[in-house]
Amino acid sequence: MKKLTALILDVDGTLADTERDGHRVAFNAAFRELGLDWVWDVGLYGELLTVTGGKERLRYYADHFLADGEKPAAFDALVAELHRIKTRRYVDMLNTGRIRIRPGVKRLLTEARAAGLRLAIATTTTPENVTALLRNGLAEDAESWFDLIAAGDIVPAKKPAPDIYLWVLDRLGWRPQDCLAVEDSANGLKSSVGAGVKTIVTVSGYTARENFDRAVAVLSDLGEPGQPFHVLQGDAGGGAYVDVALLRRWHQDG
Ligand code: XBP
Ligand code: MG
């Protein structure tokens, strides 16, 4: 019988809905700080989110949304400076409690640990962002809940490439068939499934209409007792929120 032994969790959109009112706002603050007249409104940022990685997103924006000749000189240096400022701004937002953890996340992680499941993180975002989110959203010592936090530039190719999940599995010696992943986006799902890990999706602000055909289940969120999730795809066995028993069921059935 297959036995679920570990959860691998995405960060942005999964642990917290961070993009529209978090990363996007921090990018715009960085543009202003360097005197650029760039503005990423909610609609444009939704288009730019098809590219994972903030630095990669900046390059994509310059290549696809700036008129010829508008790309600033020494652009690589500018990208690095913009992303440094943006990360500082974003971490400040996290440290002042402006980004909240999504429903069910703290409860499920606590239950999973009590049930002996191992935890890891596989994210495209910058490591400082993860640390700040975990400390401010979960607990001061929440980093210790995870056997590994795999983040950002640690792998050559970001999501949807499977690299970040493969790196977690390899570094921890975990088998993909013993794990479940939790993701929020089509890019994230491609990455986790590409590494052979069964995946449940909790859609986030920008991803509700993306394609999740290869997910074991798609939910509005993880749910809480008294605050049931909505099942958008798959079978939750009549449950109202994700608990360890439901994770084990999906791991067996999916
Ligand atoms: C989401 C991303 C990240 C963030 C921005 O990561 O694609 O790039 O949008 O963070 P995930 P950075 O869903 O894998 O957690 O600017 O630090 O890249
Ligand atoms: Mg995500």
# chains A, B, ... in the order shown; residues from 1 in each chain; ligands from 1
>>> residues_near_ligand(ligand="ligand 1", cutoff="6 Å", atoms="only C-alpha atoms and all ligand atoms", output="MDAnalysis selection string")
chainID A and resid 10:13 23 52:54 123:126
>>> residues_near_ligand(ligand="ligand 2", cutoff="10 Å", atoms="only C-alpha atoms and all ligand atoms", output="NGL selection string")
:A and (9-19 or 49 or 52 or 122-125 or 159 or 182-189 or 201-204 or 207)
>>> atom_distance(atom1="CA of Leu66 (chain A)", atom2="CA of Arg88 (chain A)")
25.0 Å
>>> closest_residue(among="A:Asp41, A:Trp174, A:Pro103, A:Glu56", to="Gly152 (chain A)", atoms="only C-alpha atoms")
A:Glu56
>>> select_by_dssp(residues="region 20-229 of chain A", states="helix (DSSP H, G or I)", output="ChimeraX atom specification")
/A:20-33,42-48,54-65,75-95,105-114,127-137,142-145,152-154,163-172,176-178,186-194
>>> closest_residue(among="A:Val168, A:Trp145, A:Leu44, A:Ala30", to="Gly116 (chain A)", atoms="only C-alpha atoms")
A:Trp145
>>> select_by_dssp(residues="region 78-253 of chain A", states="strand (DSSP E or B)", output="MDAnalysis selection string")
chainID A and resid 101 118:123 148:151 179:183 198:202 217:219 224 227 231:233
>>> atom_distance(atom1="CA of Val39 (chain A)", atom2="CA of Pro160 (chain A)")
25.9 Å
>>> closest_residue(among="A:Glu33, A:Asp221, A:Glu128, A:Asp163", to="Asp92 (chain A)", atoms="only C-alpha atoms")
A:Glu128
>>> residues_around(residues="Lys3 (chain A)", least_positions_apart="4", cutoff="10 Å", atoms="only C-alpha atoms", output="list in words")
Gln177, Asp178, Cys179, Arg248, His251 and Gln252 of chain A
>>> write_last_selection(atoms="N, CA, C and O atoms", output="compact mmCIF listing (two decimals), in the first residue's frame")
# COMPACT_ATOMS: atom_id res chain seq x y z
N GLN A 177 6.59 9.39 -5.32
CA GLN A 177 5.34 8.64 -5.07
C GLN A 177 4.95 8.63 -3.58
O GLN A 177 3.84 8.24 -3.23
N ASP A 178 5.84 9.08 -2.72
CA ASP A 178 5.52 9.12 -1.28
C ASP A 178 5.07 10.52 -0.85
O ASP A 178 4.80 10.74 0.34
N CYS A 179 4.99 11.43 -1.81
CA CYS A 179 4.73 12.84 -1.49
C CYS A 179 3.43 13.34 -2.12
O CYS A 179 2.92 12.75 -3.08
N ARG A 248 -4.32 11.78 2.76
CA ARG A 248 -3.99 10.36 2.56
C ARG A 248 -4.91 9.71 1.53
O ARG A 248 -4.48 8.93 0.67
N HIS A 251 -3.82 10.82 -1.82
CA HIS A 251 -2.54 10.17 -2.16
C HIS A 251 -2.78 8.74 -2.62
O HIS A 251 -2.18 8.27 -3.57
N GLN A 252 -3.74 8.06 -1.98
CA GLN A 252 -4.06 6.68 -2.37
C GLN A 252 -4.80 6.62 -3.71
O GLN A 252 -4.48 5.85 -4.59
>>> residues_around(residues="Phe146 (chain A)", least_positions_apart="3", cutoff="12 Å", atoms="only C-alpha atoms", output="count of residues only")
24
>>> residues_around(residues="Arg84 (chain A)", least_positions_apart="6", cutoff="10 Å", atoms="only C-alpha atoms", output="list of chain:residue names")
A:Ala30, A:Lys55, A:Leu78, A:Tyr90
>>> residues_around(residues="Ala26 (chain A)", least_positions_apart="6", cutoff="8 Å", atoms="only C-alpha atoms", output="JSON, numbers by chain")
{"A": [86, 87, 89, 90]}
>>> atom_distance(atom1="CA of Ala236 (chain A)", atom2="CA of Leu180 (chain A)")
15.0 Å
>>> residues_around(residues="Trp40 (chain A)", least_positions_apart="4", cutoff="7 Å", atoms="only C-alpha atoms", output="PyMOL selection string")
chain A and resi 24+28+44-45
>>> closest_residue(among="A:Asp147, A:Leu219, A:Ser192, A:Val79", to="Arg171 (chain A)", atoms="only C-alpha atoms")
A:Asp147
>>> decode(residues="region 98-125 of chain A", atoms="N, CA, C and O atoms", output="PDB file, in the first residue's frame")
ATOM      1  N   ARG A  98       1.177  42.794   6.633  1.00  0.00           N
ATOM      2  CA  ARG A  98       0.206  43.186   5.588  1.00  0.00           C
ATOM      3  C   ARG A  98      -0.222  42.022   4.705  1.00  0.00           C
ATOM      4  O   ARG A  98      -1.128  42.149   3.907  1.00  0.00           O
ATOM      5  N   ILE A  99       0.471  40.876   4.817  1.00  0.00           N
ATOM      6  CA  ILE A  99       0.077  39.720   3.988  1.00  0.00           C
ATOM      7  C   ILE A  99      -0.319  38.590   4.947  1.00  0.00           C
ATOM      8  O   ILE A  99       0.468  38.208   5.812  1.00  0.00           O
ATOM      9  N   ARG A 100      -1.543  38.108   4.778  1.00  0.00           N
ATOM     10  CA  ARG A 100      -2.019  37.085   5.713  1.00  0.00           C
ATOM     11  C   ARG A 100      -1.918  35.680   5.121  1.00  0.00           C
ATOM     12  O   ARG A 100      -2.135  35.506   3.927  1.00  0.00           O
ATOM     13  N   ILE A 101      -1.649  34.710   5.970  1.00  0.00           N
ATOM     14  CA  ILE A 101      -1.617  33.312   5.561  1.00  0.00           C
ATOM     15  C   ILE A 101      -3.042  32.890   5.165  1.00  0.00           C
ATOM     16  O   ILE A 101      -4.021  33.344   5.772  1.00  0.00           O
ATOM     17  N   ARG A 102      -3.158  32.034   4.181  1.00  0.00           N
ATOM     18  CA  ARG A 102      -4.482  31.623   3.681  1.00  0.00           C
ATOM     19  C   ARG A 102      -5.190  30.700   4.666  1.00  0.00           C
ATOM     20  O   ARG A 102      -4.537  30.044   5.507  1.00  0.00           O
ATOM     21  N   PRO A 103      -6.516  30.551   4.548  1.00  0.00           N
ATOM     22  CA  PRO A 103      -7.275  29.673   5.443  1.00  0.00           C
ATOM     23  C   PRO A 103      -6.772  28.227   5.394  1.00  0.00           C
ATOM     24  O   PRO A 103      -6.467  27.711   4.311  1.00  0.00           O
ATOM     25  N   GLY A 104      -6.671  27.632   6.558  1.00  0.00           N
ATOM     26  CA  GLY A 104      -6.360  26.203   6.637  1.00  0.00           C
ATOM     27  C   GLY A 104      -4.886  25.860   6.616  1.00  0.00           C
ATOM     28  O   GLY A 104      -4.503  24.735   6.965  1.00  0.00           O
ATOM     29  N   VAL A 105      -4.046  26.830   6.224  1.00  0.00           N
ATOM     30  CA  VAL A 105      -2.615  26.502   6.060  1.00  0.00           C
ATOM     31  C   VAL A 105      -1.982  26.164   7.411  1.00  0.00           C
ATOM     32  O   VAL A 105      -1.384  25.084   7.573  1.00  0.00           O
ATOM     33  N   LYS A 106      -2.136  27.061   8.382  1.00  0.00           N
ATOM     34  CA  LYS A 106      -1.479  26.811   9.690  1.00  0.00           C
ATOM     35  C   LYS A 106      -2.065  25.561  10.343  1.00  0.00           C
ATOM     36  O   LYS A 106      -1.315  24.713  10.865  1.00  0.00           O
ATOM     37  N   ARG A 107      -3.342  25.389  10.281  1.00  0.00           N
ATOM     38  CA  ARG A 107      -4.009  24.209  10.867  1.00  0.00           C
ATOM     39  C   ARG A 107      -3.476  22.935  10.219  1.00  0.00           C
ATOM     40  O   ARG A 107      -3.079  22.001  10.911  1.00  0.00           O
ATOM     41  N   LEU A 108      -3.471  22.872   8.885  1.00  0.00           N
ATOM     42  CA  LEU A 108      -3.054  21.649   8.196  1.00  0.00           C
ATOM     43  C   LEU A 108      -1.585  21.342   8.447  1.00  0.00           C
ATOM     44  O   LEU A 108      -1.217  20.180   8.678  1.00  0.00           O
ATOM     45  N   LEU A 109      -0.732  22.355   8.429  1.00  0.00           N
ATOM     46  CA  LEU A 109       0.700  22.099   8.666  1.00  0.00           C
ATOM     47  C   LEU A 109       0.905  21.577  10.091  1.00  0.00           C
ATOM     48  O   LEU A 109       1.697  20.663  10.327  1.00  0.00           O
ATOM     49  N   THR A 110       0.166  22.112  11.035  1.00  0.00           N
ATOM     50  CA  THR A 110       0.260  21.655  12.433  1.00  0.00           C
ATOM     51  C   THR A 110      -0.205  20.204  12.551  1.00  0.00           C
ATOM     52  O   THR A 110       0.463  19.362  13.170  1.00  0.00           O
ATOM     53  N   GLU A 111      -1.330  19.900  11.907  1.00  0.00           N
ATOM     54  CA  GLU A 111      -1.858  18.521  11.920  1.00  0.00           C
ATOM     55  C   GLU A 111      -0.890  17.563  11.233  1.00  0.00           C
ATOM     56  O   GLU A 111      -0.634  16.453  11.700  1.00  0.00           O
ATOM     57  N   ALA A 112      -0.332  18.012  10.111  1.00  0.00           N
ATOM     58  CA  ALA A 112       0.568  17.145   9.334  1.00  0.00           C
ATOM     59  C   ALA A 112       1.805  16.791  10.166  1.00  0.00           C
ATOM     60  O   ALA A 112       2.242  15.635  10.210  1.00  0.00           O
ATOM     61  N   ARG A 113       2.355  17.788  10.827  1.00  0.00           N
ATOM     62  CA  ARG A 113       3.545  17.550  11.662  1.00  0.00           C
ATOM     63  C   ARG A 113       3.200  16.598  12.811  1.00  0.00           C
ATOM     64  O   ARG A 113       3.942  15.656  13.112  1.00  0.00           O
ATOM     65  N   ALA A 114       2.028  16.805  13.412  1.00  0.00           N
ATOM     66  CA  ALA A 114       1.615  15.932  14.529  1.00  0.00           C
ATOM     67  C   ALA A 114       1.422  14.489  14.053  1.00  0.00           C
ATOM     68  O   ALA A 114       1.623  13.540  14.809  1.00  0.00           O
ATOM     69  N   ALA A 115       1.046  14.339  12.779  1.00  0.00           N
ATOM     70  CA  ALA A 115       0.839  12.997  12.206  1.00  0.00           C
ATOM     71  C   ALA A 115       2.142  12.396  11.692  1.00  0.00           C
ATOM     72  O   ALA A 115       2.150  11.290  11.133  1.00  0.00           O
ATOM     73  N   GLY A 116       3.238  13.139  11.841  1.00  0.00           N
ATOM     74  CA  GLY A 116       4.543  12.604  11.447  1.00  0.00           C
ATOM     75  C   GLY A 116       4.900  12.805   9.994  1.00  0.00           C
ATOM     76  O   GLY A 116       5.895  12.257   9.506  1.00  0.00           O
ATOM     77  N   LEU A 117       4.115  13.595   9.274  1.00  0.00           N
ATOM     78  CA  LEU A 117       4.464  13.893   7.878  1.00  0.00           C
ATOM     79  C   LEU A 117       5.626  14.881   7.863  1.00  0.00           C
ATOM     80  O   LEU A 117       5.698  15.792   8.694  1.00  0.00           O
ATOM     81  N   ARG A 118       6.550  14.679   6.909  1.00  0.00           N
ATOM     82  CA  ARG A 118       7.643  15.617   6.726  1.00  0.00           C
ATOM     83  C   ARG A 118       7.176  16.759   5.818  1.00  0.00           C
ATOM     84  O   ARG A 118       6.288  16.543   4.964  1.00  0.00           O
ATOM     85  N   LEU A 119       7.761  17.921   5.962  1.00  0.00           N
ATOM     86  CA  LEU A 119       7.367  19.090   5.179  1.00  0.00           C
ATOM     87  C   LEU A 119       8.570  19.681   4.460  1.00  0.00           C
ATOM     88  O   LEU A 119       9.684  19.680   4.999  1.00  0.00           O
ATOM     89  N   ALA A 120       8.325  20.195   3.249  1.00  0.00           N
ATOM     90  CA  ALA A 120       9.362  20.950   2.526  1.00  0.00           C
ATOM     91  C   ALA A 120       8.666  22.033   1.712  1.00  0.00           C
ATOM     92  O   ALA A 120       7.457  21.970   1.475  1.00  0.00           O
ATOM     93  N   ILE A 121       9.454  23.019   1.299  1.00  0.00           N
ATOM     94  CA  ILE A 121       8.946  24.106   0.463  1.00  0.00           C
ATOM     95  C   ILE A 121       9.662  24.077  -0.873  1.00  0.00           C
ATOM     96  O   ILE A 121      10.885  23.856  -0.921  1.00  0.00           O
ATOM     97  N   ALA A 122       8.880  24.289  -1.940  1.00  0.00           N
ATOM     98  CA  ALA A 122       9.448  24.402  -3.292  1.00  0.00           C
ATOM     99  C   ALA A 122       8.838  25.648  -3.928  1.00  0.00           C
ATOM    100  O   ALA A 122       7.670  25.663  -4.311  1.00  0.00           O
ATOM    101  N   THR A 123       9.614  26.710  -4.009  1.00  0.00           N
ATOM    102  CA  THR A 123       9.073  27.987  -4.473  1.00  0.00           C
ATOM    103  C   THR A 123      10.028  28.692  -5.424  1.00  0.00           C
ATOM    104  O   THR A 123      11.237  28.457  -5.389  1.00  0.00           O
ATOM    105  N   THR A 124       9.441  29.553  -6.250  1.00  0.00           N
ATOM    106  CA  THR A 124      10.232  30.362  -7.176  1.00  0.00           C
ATOM    107  C   THR A 124      10.701  31.646  -6.503  1.00  0.00           C
ATOM    108  O   THR A 124      11.654  32.270  -6.943  1.00  0.00           O
ATOM    109  N   THR A 125      10.052  32.035  -5.444  1.00  0.00           N
ATOM    110  CA  THR A 125      10.349  33.344  -4.861  1.00  0.00           C
ATOM    111  C   THR A 125      11.695  33.338  -4.131  1.00  0.00           C
ATOM    112  O   THR A 125      12.313  32.297  -3.918  1.00  0.00           O
TER     113      THR A 125
END
